[in-house]
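*Asks:* Have a peek at work_9.csv (CSV, C-alpha atoms and all ligand atoms).
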```csv
chain,number,residue,atom,x,y,z
A,1,MET,CA,112.8,106.5,67.7
A,2,LYS,CA,110.1,103.9,68.0
A,3,ILE,CA,110.1,100.2,68.5
A,4,ILE,CA,107.6,97.4,68.6
A,5,GLU,CA,107.7,94.8,71.4
A,6,SER,CA,105.5,91.8,71.9
A,7,ALA,CA,104.2,90.6,75.3
A,8,GLN,CA,103.4,86.9,75.6
A,9,ALA,CA,100.8,85.5,78.0
A,10,LYS,CA,101.9,82.9,80.6
A,11,ILE,CA,100.2,79.8,81.9
A,12,ASN,CA,100.9,77.8,85.0
A,13,LEU,CA,101.8,74.2,84.4
A,14,SER,CA,101.9,73.9,88.2
A,15,LEU,CA,101.3,76.1,91.2
A,16,ALA,CA,102.2,74.9,94.8
A,17,ILE,CA,101.9,77.0,97.9
A,18,GLU,CA,104.6,76.2,100.4
A,19,GLY,CA,104.0,78.8,103.1
A,20,ARG,CA,103.5,82.4,103.9
A,21,TYR,CA,105.8,85.4,104.5
A,22,ASP,CA,105.5,87.9,107.4
A,23,ASP,CA,104.2,90.5,104.9
A,24,GLY,CA,101.2,88.2,104.0
A,25,TYR,CA,102.6,87.1,100.6
A,26,HIS,CA,102.6,83.4,99.9
A,27,LYS,CA,105.7,81.3,99.3
A,28,LEU,CA,105.2,79.8,95.9
A,29,ASN,CA,106.8,77.0,93.8
A,30,MET,CA,105.5,77.1,90.2
A,31,ILE,CA,106.3,76.0,86.7
A,32,MET,CA,105.4,78.7,84.3
A,33,GLN,CA,105.2,78.6,80.5
A,34,SER,CA,104.8,81.4,78.0
A,35,VAL,CA,102.4,80.9,75.2
A,36,SER,CA,101.7,82.5,71.8
A,37,LEU,CA,98.8,84.8,72.8
A,38,THR,CA,100.4,88.2,72.6
A,39,ASP,CA,99.8,91.9,73.2
A,40,ILE,CA,101.7,94.4,71.1
A,41,LEU,CA,103.4,97.5,72.5
A,42,GLU,CA,104.7,100.5,70.4
A,43,ILE,CA,107.2,102.3,72.5
A,44,GLU,CA,108.7,105.7,71.6
A,45,ASP,CA,110.6,108.6,72.9
A,46,TYR,CA,108.5,111.3,74.5
A,47,HIS,CA,109.5,114.9,75.5
A,48,LYS,CA,108.4,114.5,79.1
A,49,GLY,CA,106.5,112.1,81.4
A,50,ILE,CA,104.4,109.1,80.4
A,51,LYS,CA,101.7,109.0,77.7
A,52,LEU,CA,99.8,105.7,77.5
A,53,ILE,CA,97.5,105.1,74.6
A,54,MET,CA,95.0,102.2,74.4
A,55,ASP,CA,91.5,101.4,73.2
A,56,SER,CA,89.1,103.2,75.6
A,57,ASN,CA,86.8,100.1,75.6
A,58,LEU,CA,89.5,98.1,77.4
A,59,ASP,CA,88.4,99.4,80.8
A,60,LEU,CA,92.0,99.6,82.1
A,61,PRO,CA,93.5,102.6,84.0
A,62,THR,CA,96.0,104.8,82.0
A,63,ASN,CA,97.5,106.2,85.2
A,64,ASN,CA,99.9,104.9,87.8
A,65,ARG,CA,97.6,102.0,88.6
A,66,ASN,CA,98.6,100.5,85.2
A,67,LEU,CA,101.6,98.2,85.3
A,68,ILE,CA,102.8,99.6,82.0
A,69,TRP,CA,102.8,103.1,83.5
A,70,GLN,CA,104.7,101.7,86.6
A,71,ALA,CA,107.4,100.1,84.5
A,72,ALA,CA,107.8,103.3,82.4
A,73,ASP,CA,108.0,105.4,85.6
A,74,ILE,CA,110.7,103.2,87.2
A,75,LEU,CA,112.8,103.3,83.9
A,76,ILE,CA,112.5,107.1,83.7
A,77,ASN,CA,113.5,107.6,87.3
A,78,THR,CA,116.4,105.1,87.1
A,79,TYR,CA,117.8,106.6,83.8
A,80,PRO,CA,116.8,110.3,83.9
A,81,GLU,CA,119.8,111.4,81.7
A,82,LYS,CA,118.8,109.0,78.9
A,83,ILE,CA,115.0,108.8,79.1
A,84,LYS,CA,113.0,112.1,79.4
A,85,GLY,CA,109.6,110.5,78.7
A,86,LEU,CA,107.9,107.5,77.1
A,87,LYS,CA,104.9,107.2,74.8
A,88,ILE,CA,103.4,103.7,74.7
A,89,ASN,CA,100.6,102.4,72.6
A,90,LEU,CA,99.1,99.1,73.7
A,91,THR,CA,97.2,96.6,71.5
A,92,LYS,CA,95.5,94.2,73.8
A,93,ASN,CA,94.7,90.6,73.0
A,94,ILE,CA,95.4,88.9,76.3
A,95,PRO,CA,92.2,88.9,78.6
A,96,ILE,CA,92.5,91.1,81.6
A,97,ALA,CA,92.7,89.8,85.2
A,98,ALA,CA,92.5,86.3,83.8
A,99,GLY,CA,95.4,84.4,85.4
A,100,LEU,CA,97.5,84.9,82.2
A,101,ALA,CA,99.8,87.6,83.5
A,102,GLY,CA,98.6,90.1,80.9
A,103,GLY,CA,99.5,93.2,82.9
A,104,SER,CA,102.8,91.7,84.0
A,105,SER,CA,103.8,90.7,80.5
A,106,ASN,CA,103.1,94.2,79.4
A,107,ALA,CA,105.3,95.7,82.1
A,108,ALA,CA,108.0,93.2,81.2
A,109,ALA,CA,107.7,94.2,77.5
A,110,VAL,CA,108.2,97.9,78.5
A,111,ILE,CA,111.5,97.0,80.3
A,112,ARG,CA,112.8,94.8,77.4
A,113,GLY,CA,111.7,97.4,74.8
A,114,VAL,CA,113.2,100.4,76.6
A,115,ASN,CA,116.4,98.5,77.2
A,116,ARG,CA,116.6,98.0,73.4
A,117,LEU,CA,115.4,101.5,72.5
A,118,TYR,CA,117.9,103.3,74.7
A,119,GLN,CA,120.6,100.7,74.6
A,120,LEU,CA,120.7,100.5,78.4
A,121,GLY,CA,122.7,97.2,78.2
A,122,LEU,CA,120.7,95.4,80.9
A,123,GLY,CA,121.0,91.6,81.1
A,124,TRP,CA,118.1,89.3,81.9
A,125,SER,CA,118.8,89.2,85.7
A,126,GLU,CA,119.0,93.0,85.9
A,127,MET,CA,115.7,93.4,84.0
A,128,ARG,CA,114.1,90.8,86.3
A,129,LYS,CA,115.2,92.7,89.4
A,130,LEU,CA,113.7,95.9,88.0
A,131,GLY,CA,110.5,94.0,87.2
A,132,ALA,CA,110.2,92.4,90.7
A,133,SER,CA,109.1,95.7,92.3
A,134,ILE,CA,106.2,96.0,89.9
A,135,GLY,CA,104.5,92.6,90.3
A,136,SER,CA,105.1,89.0,91.2
A,137,ASP,CA,104.8,87.7,87.6
A,138,VAL,CA,107.0,90.3,86.0
A,139,PRO,CA,110.4,88.7,86.6
A,140,PHE,CA,109.2,85.5,84.8
A,141,CYS,CA,107.6,87.5,81.9
A,142,ILE,CA,111.0,89.3,81.2
A,143,LYS,CA,112.4,86.3,79.5
A,144,GLY,CA,109.4,83.9,79.4
A,145,GLY,CA,109.9,80.4,78.0
A,146,THR,CA,109.7,77.5,80.5
A,147,ALA,CA,110.8,78.2,84.1
A,148,GLN,CA,110.6,77.3,87.7
A,149,VAL,CA,109.4,80.4,89.7
A,150,LYS,CA,109.8,80.5,93.4
A,151,GLY,CA,109.4,82.8,96.4
A,152,LYS,CA,107.0,85.6,95.8
A,153,GLY,CA,107.8,85.3,92.1
A,154,GLU,CA,111.3,86.9,92.1
A,155,ILE,CA,113.3,83.6,91.9
A,156,VAL,CA,113.3,82.4,88.3
A,157,GLU,CA,115.2,79.4,87.1
A,158,ASP,CA,115.0,78.8,83.4
A,159,LEU,CA,114.2,75.3,82.2
A,160,LYS,CA,114.6,73.6,78.9
A,161,PRO,CA,111.9,74.8,76.4
A,162,LEU,CA,108.9,72.5,76.2
A,163,LYS,CA,108.2,71.9,72.5
A,164,GLY,CA,105.3,70.7,70.5
A,165,HIS,CA,102.5,71.4,73.0
A,166,HIS,CA,99.3,73.2,72.4
A,167,ALA,CA,96.6,74.4,74.7
A,168,ILE,CA,93.2,75.9,74.6
A,169,LEU,CA,92.6,78.8,77.0
A,170,ILE,CA,89.0,79.2,77.9
A,171,ASN,CA,88.4,82.6,79.4
A,172,PRO,CA,84.9,82.9,80.7
A,173,GLY,CA,84.8,86.6,80.3
A,174,PHE,CA,84.9,87.9,83.8
A,175,ARG,CA,87.8,89.2,85.9
A,176,ILE,CA,89.2,87.7,89.1
A,177,SER,CA,91.3,89.7,91.6
A,178,THR,CA,94.5,87.7,92.5
A,179,LYS,CA,94.6,89.4,95.9
A,180,LYS,CA,91.1,88.2,96.7
A,181,VAL,CA,91.9,84.6,95.7
A,182,PHE,CA,95.0,84.5,97.9
A,183,LYS,CA,93.0,86.0,100.8
A,184,MET,CA,90.4,83.4,100.5
A,185,TYR,CA,93.1,80.7,100.4
A,186,ALA,CA,94.7,82.1,103.5
A,187,ASN,CA,91.4,82.2,105.4
A,188,GLY,CA,90.0,78.9,104.2
A,189,ASP,CA,90.7,75.2,104.3
A,190,TYR,CA,90.9,73.9,100.8
A,191,GLU,CA,91.8,70.5,99.3
A,192,LYS,CA,95.6,70.5,98.5
A,193,LYS,CA,96.6,68.2,95.6
A,194,GLU,CA,100.1,67.1,96.1
A,195,ILE,CA,102.4,68.5,93.4
A,196,PHE,CA,105.8,66.9,92.9
A,197,THR,CA,107.5,69.9,91.4
A,198,ASP,CA,111.0,68.5,91.3
A,199,LYS,CA,109.8,65.4,89.5
A,200,LEU,CA,108.0,67.5,86.9
A,201,ILE,CA,111.1,69.6,86.4
A,202,ASN,CA,113.1,66.4,85.9
A,203,LEU,CA,110.7,65.4,83.1
A,204,ILE,CA,111.2,68.7,81.4
A,205,GLU,CA,115.0,68.7,81.9
A,206,THR,CA,115.4,65.2,80.6
A,207,GLU,CA,113.1,65.9,77.7
A,208,THR,CA,110.9,63.0,78.7
A,209,ASN,CA,107.6,62.9,76.8
A,210,ILE,CA,105.0,64.8,78.8
A,211,THR,CA,101.6,63.0,78.9
A,212,TRP,CA,99.8,65.5,81.2
A,213,LYS,CA,98.9,62.5,83.3
A,214,GLU,CA,101.7,63.4,85.8
A,215,SER,CA,100.9,65.5,88.9
A,216,TRP,CA,100.4,68.9,87.2
A,217,ALA,CA,98.0,70.9,89.3
A,218,ASN,CA,97.3,74.4,90.7
A,219,GLN,CA,96.6,74.6,94.4
A,220,LEU,CA,94.6,77.9,93.9
A,221,GLU,CA,92.1,76.0,91.7
A,222,PRO,CA,89.8,74.8,94.6
A,223,VAL,CA,89.6,78.4,95.8
A,224,ALA,CA,88.6,79.8,92.4
A,225,PHE,CA,86.1,76.9,91.9
A,226,ASN,CA,84.6,77.6,95.3
A,227,MET,CA,84.1,81.3,94.3
A,228,TYR,CA,82.9,80.5,90.8
A,229,PRO,CA,81.5,76.9,90.6
A,230,GLU,CA,80.9,77.4,86.8
A,231,LEU,CA,84.7,77.2,86.3
A,232,GLU,CA,84.7,73.5,87.4
A,233,GLU,CA,82.1,72.9,84.6
A,234,VAL,CA,84.4,74.6,82.1
A,235,LYS,CA,87.2,72.3,83.2
A,236,GLN,CA,85.0,69.3,82.8
A,237,TRP,CA,83.8,70.5,79.4
A,238,VAL,CA,87.4,70.7,78.0
A,239,ILE,CA,88.2,67.2,79.4
A,240,ASN,CA,85.1,65.8,78.0
A,241,ASN,CA,86.1,67.3,74.6
A,242,GLY,CA,89.4,65.4,74.6
A,243,ALA,CA,91.9,67.6,76.5
A,244,LEU,CA,94.7,65.4,77.9
A,245,HIS,CA,94.4,67.4,81.1
A,246,ALA,CA,92.9,70.7,82.2
A,247,GLN,CA,93.5,73.1,85.1
A,248,LEU,CA,93.1,76.7,86.2
A,249,SER,CA,95.8,79.2,85.2
A,250,GLY,CA,97.2,81.3,88.1
A,251,SER,CA,94.4,82.7,90.2
A,252,GLY,CA,92.0,82.3,87.3
A,253,PRO,CA,89.5,82.4,85.8
A,254,THR,CA,91.1,81.1,82.6
A,255,ILE,CA,91.0,77.3,82.3
A,256,ILE,CA,93.9,75.6,80.3
A,257,GLY,CA,93.1,72.5,78.3
A,258,PHE,CA,96.3,70.7,77.2
A,259,PHE,CA,96.6,69.0,73.8
A,260,ASN,CA,99.4,67.6,71.8
A,261,ASN,CA,97.6,68.2,68.5
A,262,LYS,CA,96.9,71.7,67.2
A,263,VAL,CA,94.1,70.7,64.8
A,264,LYS,CA,92.2,68.9,67.6
A,265,ALA,CA,92.7,71.9,69.9
A,266,GLU,CA,91.3,74.2,67.2
A,267,LYS,CA,88.2,72.0,66.7
A,268,VAL,CA,87.5,72.1,70.4
A,269,ALA,CA,88.0,75.8,70.6
A,270,GLU,CA,85.5,76.3,67.7
A,271,LYS,CA,82.9,74.4,69.7
A,272,TRP,CA,83.1,76.8,72.6
A,273,VAL,CA,80.0,79.0,72.1
A,274,ASN,CA,79.4,79.8,75.8
A,275,LYS,CA,80.3,83.0,77.5
A,276,GLY,CA,83.8,84.4,77.0
A,277,ARG,CA,86.4,83.3,74.5
A,278,ALA,CA,88.6,80.3,73.7
A,279,PHE,CA,92.1,80.7,72.3
A,280,VAL,CA,94.4,78.1,70.8
A,281,VAL,CA,98.0,78.7,71.7
A,282,GLU,CA,101.3,77.0,71.4
A,283,PHE,CA,104.1,76.9,74.0
A,284,THR,CA,106.8,79.4,73.1
A,285,LYS,CA,110.5,79.6,74.1
A,286,GLY,CA,110.1,83.1,75.2
A,287,TYR,CA,112.6,85.9,74.3
B,301,LIG,O1,102.5,91.0,93.1
B,301,LIG,P1,101.1,91.2,92.6
B,301,LIG,O2,100.6,92.6,92.8
B,301,LIG,O3,100.8,90.7,91.2
B,301,LIG,O4,100.2,90.3,93.6
B,301,LIG,C1,98.8,90.5,93.7
B,301,LIG,C2,98.3,90.0,95.0
B,301,LIG,O5,98.4,88.6,95.1
B,301,LIG,C3,99.2,90.5,96.2
B,301,LIG,O6,98.7,91.7,96.7
B,301,LIG,C4,99.0,89.4,97.2
B,301,LIG,O7,97.9,89.6,98.0
B,301,LIG,C5,98.8,88.2,96.4
B,301,LIG,N1,100.1,87.4,96.3
B,301,LIG,C6,100.5,86.6,97.3
B,301,LIG,N2,101.6,85.8,97.2
B,301,LIG,C7,102.4,85.9,96.1
B,301,LIG,C8,102.0,86.7,95.1
B,301,LIG,C9,100.8,87.5,95.2
B,301,LIG,O8,99.8,86.5,98.4
B,301,LIG,N3,103.5,85.2,96.1
```
Can I see the file as structure tokens?
*Replies:*
Amino acid sequence: MKIIESAQAKINLSLAIEGRYDDGYHKLNMIMQSVSLTDILEIEDYHKGIKLIMDSNLDLPTNNRNLIWQAADILINTYPEKIKGLKINLTKNIPIAAGLAGGSSNAAAVIRGVNRLYQLGLGWSEMRKLGASIGSDVPFCIKGGTAQVKGKGEIVEDLKPLKGHHAILINPGFRISTKKVFKMYANGDYEKKEIFTDKLINLIETETNITWKESWANQLEPVAFNMYPELEEVKQWVINNGALHAQLSGSGPTIIGFFNNKVKAEKVAEKWVNKGRAFVVEFTKGY
């Protein structure tokens, strides 16, 4: 028994920070979007325990520090009669620690894939609950698409799919720790662009033409720009090259440049010869 499950990356159309919980986590209000940049997971039955296979050049742990491993472990412990072990082979395309939820989307793919492989009969909300204990972005990544994500990430409200949008994702080739960015935010005093999340949701729900001139923003952006000033130059570069809008994804370092024309986005991506990589993606409706 073996199945193939894809894991789509996510971008943040908006990210607002609305407070802090007693445990130090931040209260978020975000609009997230899944995109066509995907990892591939081959999931199969295994006689005992967890076997995780991936390219050794990836520089990712293959033990319990890997979110794929954590998802597999939760599933084996929750359904010991059905699942004795899991063998998972990962083909990675999404940059690591990039603000694109690569690890979270992989964990979500394990939950979806195992649900299918063993016919566990779990619905979206049950799978999201299982995912919430693994990481803040996992509940969104279970179903993907376009959604409002609140709280620590565990409250996901699906929105109408956004169609016909393209983006270029410029990943400058280094990793950023999300924990570190939130810590800097908590200890600093950064510019806070106002984000009218409800208005943005209204645009999506009424299928109003999105121009990217609305108040889309990411309140973690000034923190990441302060840590890595070159990111601001990347943002300016994409705008100078015709993006309708550009901003940081998640805690970075990936910069999203929004386009409504794929050919134009591809031409700009081809021009990116600096450090890292540029990907052209389209918005997807998720799973
Ligand atoms: O949940 P996850 O492990 O992906 O989060 C990484 C780190 O980001 C957490 O350890 C926490 O420091 C920070 N975080 C936060 N508020 C959130 C989500 C994450 O402060 N809502």
*Asks:* Let me make sure I understand: among A:Asn77, A:Asn57, A:Asn63, A:Ser14, which one has the smallest atom-to-atom distance to Lys193 of chain A if we use all atoms listed in the file?
*Replies:*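 Counting all atoms listed in the file, the residue closest to Lys193 of chain A is A:Ser14.
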*Asks:* Could you report the residues within 9 Å of ligand LIG 301 (chain B), using all atoms listed in the file, as a PDB file with C-alpha atoms, keeping the file's coordinate frame?
*Replies:*
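So the final result, stored in result_11.pdb, reads:
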```
ATOM      1  CA  ILE A  17     101.900  77.000  97.900  1.00  0.00           C
ATOM      2  CA  ARG A  20     103.500  82.400 103.900  1.00  0.00           C
ATOM      3  CA  TYR A  21     105.800  85.400 104.500  1.00  0.00           C
ATOM      4  CA  ASP A  23     104.200  90.500 104.900  1.00  0.00           C
ATOM      5  CA  GLY A  24     101.200  88.200 104.000  1.00  0.00           C
ATOM      6  CA  TYR A  25     102.600  87.100 100.600  1.00  0.00           C
ATOM      7  CA  HIS A  26     102.600  83.400  99.900  1.00  0.00           C
ATOM      8  CA  LYS A  27     105.700  81.300  99.300  1.00  0.00           C
ATOM      9  CA  LEU A  28     105.200  79.800  95.900  1.00  0.00           C
ATOM     10  CA  ALA A 101      99.800  87.600  83.500  1.00  0.00           C
ATOM     11  CA  GLY A 103      99.500  93.200  82.900  1.00  0.00           C
ATOM     12  CA  SER A 104     102.800  91.700  84.000  1.00  0.00           C
ATOM     13  CA  ALA A 132     110.200  92.400  90.700  1.00  0.00           C
ATOM     14  CA  SER A 133     109.100  95.700  92.300  1.00  0.00           C
ATOM     15  CA  ILE A 134     106.200  96.000  89.900  1.00  0.00           C
ATOM     16  CA  GLY A 135     104.500  92.600  90.300  1.00  0.00           C
ATOM     17  CA  SER A 136     105.100  89.000  91.200  1.00  0.00           C
ATOM     18  CA  ASP A 137     104.800  87.700  87.600  1.00  0.00           C
ATOM     19  CA  VAL A 138     107.000  90.300  86.000  1.00  0.00           C
ATOM     20  CA  LYS A 150     109.800  80.500  93.400  1.00  0.00           C
ATOM     21  CA  GLY A 151     109.400  82.800  96.400  1.00  0.00           C
ATOM     22  CA  LYS A 152     107.000  85.600  95.800  1.00  0.00           C
ATOM     23  CA  GLY A 153     107.800  85.300  92.100  1.00  0.00           C
ATOM     24  CA  GLU A 154     111.300  86.900  92.100  1.00  0.00           C
ATOM     25  CA  SER A 177      91.300  89.700  91.600  1.00  0.00           C
ATOM     26  CA  THR A 178      94.500  87.700  92.500  1.00  0.00           C
ATOM     27  CA  LYS A 179      94.600  89.400  95.900  1.00  0.00           C
ATOM     28  CA  LYS A 180      91.100  88.200  96.700  1.00  0.00           C
ATOM     29  CA  VAL A 181      91.900  84.600  95.700  1.00  0.00           C
ATOM     30  CA  PHE A 182      95.000  84.500  97.900  1.00  0.00           C
ATOM     31  CA  LYS A 183      93.000  86.000 100.800  1.00  0.00           C
ATOM     32  CA  ALA A 186      94.700  82.100 103.500  1.00  0.00           C
ATOM     33  CA  SER A 251      94.400  82.700  90.200  1.00  0.00           C
TER      34      SER A 251
END
```
*Asks:* Could I get the residues of segment 6-43 of chain A with an atom no further than 12 Å from an atom of segment 158-166 of chain A, each paired with its nearest atom pair and that distance in Å to one decimal, using all atoms listed in the file, sorted by chain and residue number, as a tab-separated table?
*Replies:*
```
residue	atom	partner	partner_atom	distance
A:Ile11	CA	A:His166	CA	11.6
A:Leu13	CA	A:Leu162	CA	11.0
A:Met30	CA	A:Asp158	CA	11.8
A:Ile31	CA	A:Leu159	CA	9.1
A:Met32	CA	A:Asp158	CA	9.6
A:Gln33	CA	A:Leu162	CA	8.3
A:Ser34	CA	A:Pro161	CA	9.8
A:Val35	CA	A:His166	CA	8.8
A:Ser36	CA	A:His166	CA	9.6
A:Leu37	CA	A:His166	CA	11.6
```
*Asks:* So how many Å separate atom CA of Gly173 of chain A and atom CA of Ala243 of chain A, to one decimal?
*Replies:*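 Separation between atom CA of Gly173 of chain A and atom CA of Ala243 of chain A: 20.6 Å.
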*Asks:* As an exercise, work out the distance from atom CA of His47 of chain A to atom CA of Lys92 of chain A in Å and give it to one decimal place.
*Replies:*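 Going from atom CA of His47 of chain A over to atom CA of Lys92 of chain A covers 25.0 Å.
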*Asks:* For each of A:Gly257, A:Gly188, A:Pro95, A:Gly85, take the minimum atom-to-atom distance to Val280 of chain A, counting all atoms listed in the file, then give the residue where this is smallest.
*Replies:*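 Ranked by minimum distance to Val280 of chain A, first place goes to A:Gly257.
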*Asks:* What is the atom CA of Ala278 of chain A-atom CA of Ile88 of chain A distance in Å, reported with one decimal?
*Replies:* 27.7 Å
*Asks:* Neighbouring residues of Ser125 of chain A were defined as those with any atom within 12 Å, considering all atoms listed in the file; residues of the same chain fewer than 3 positions away were excluded. Please report them as a list in words.
*Replies:*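 The contact residues come out as Ile111, Arg112, Gly121, Leu122, Arg128, Lys129, Leu130, Gly131, Ala132, Val138, Pro139, Phe140, Cys141, Ile142, Lys143, Glu154, Ile155, Val156, Glu157 and Asp158 of chain A.
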*Asks:* With only C-alpha atoms as the counted atoms, please give the residues lying no more than 10 Å from Asn226 of chain A, apart from itself and same-chain residues fewer than 5 positions off, as a ChimeraX atom specification.
*Replies:* /A:184,190,221,231-232
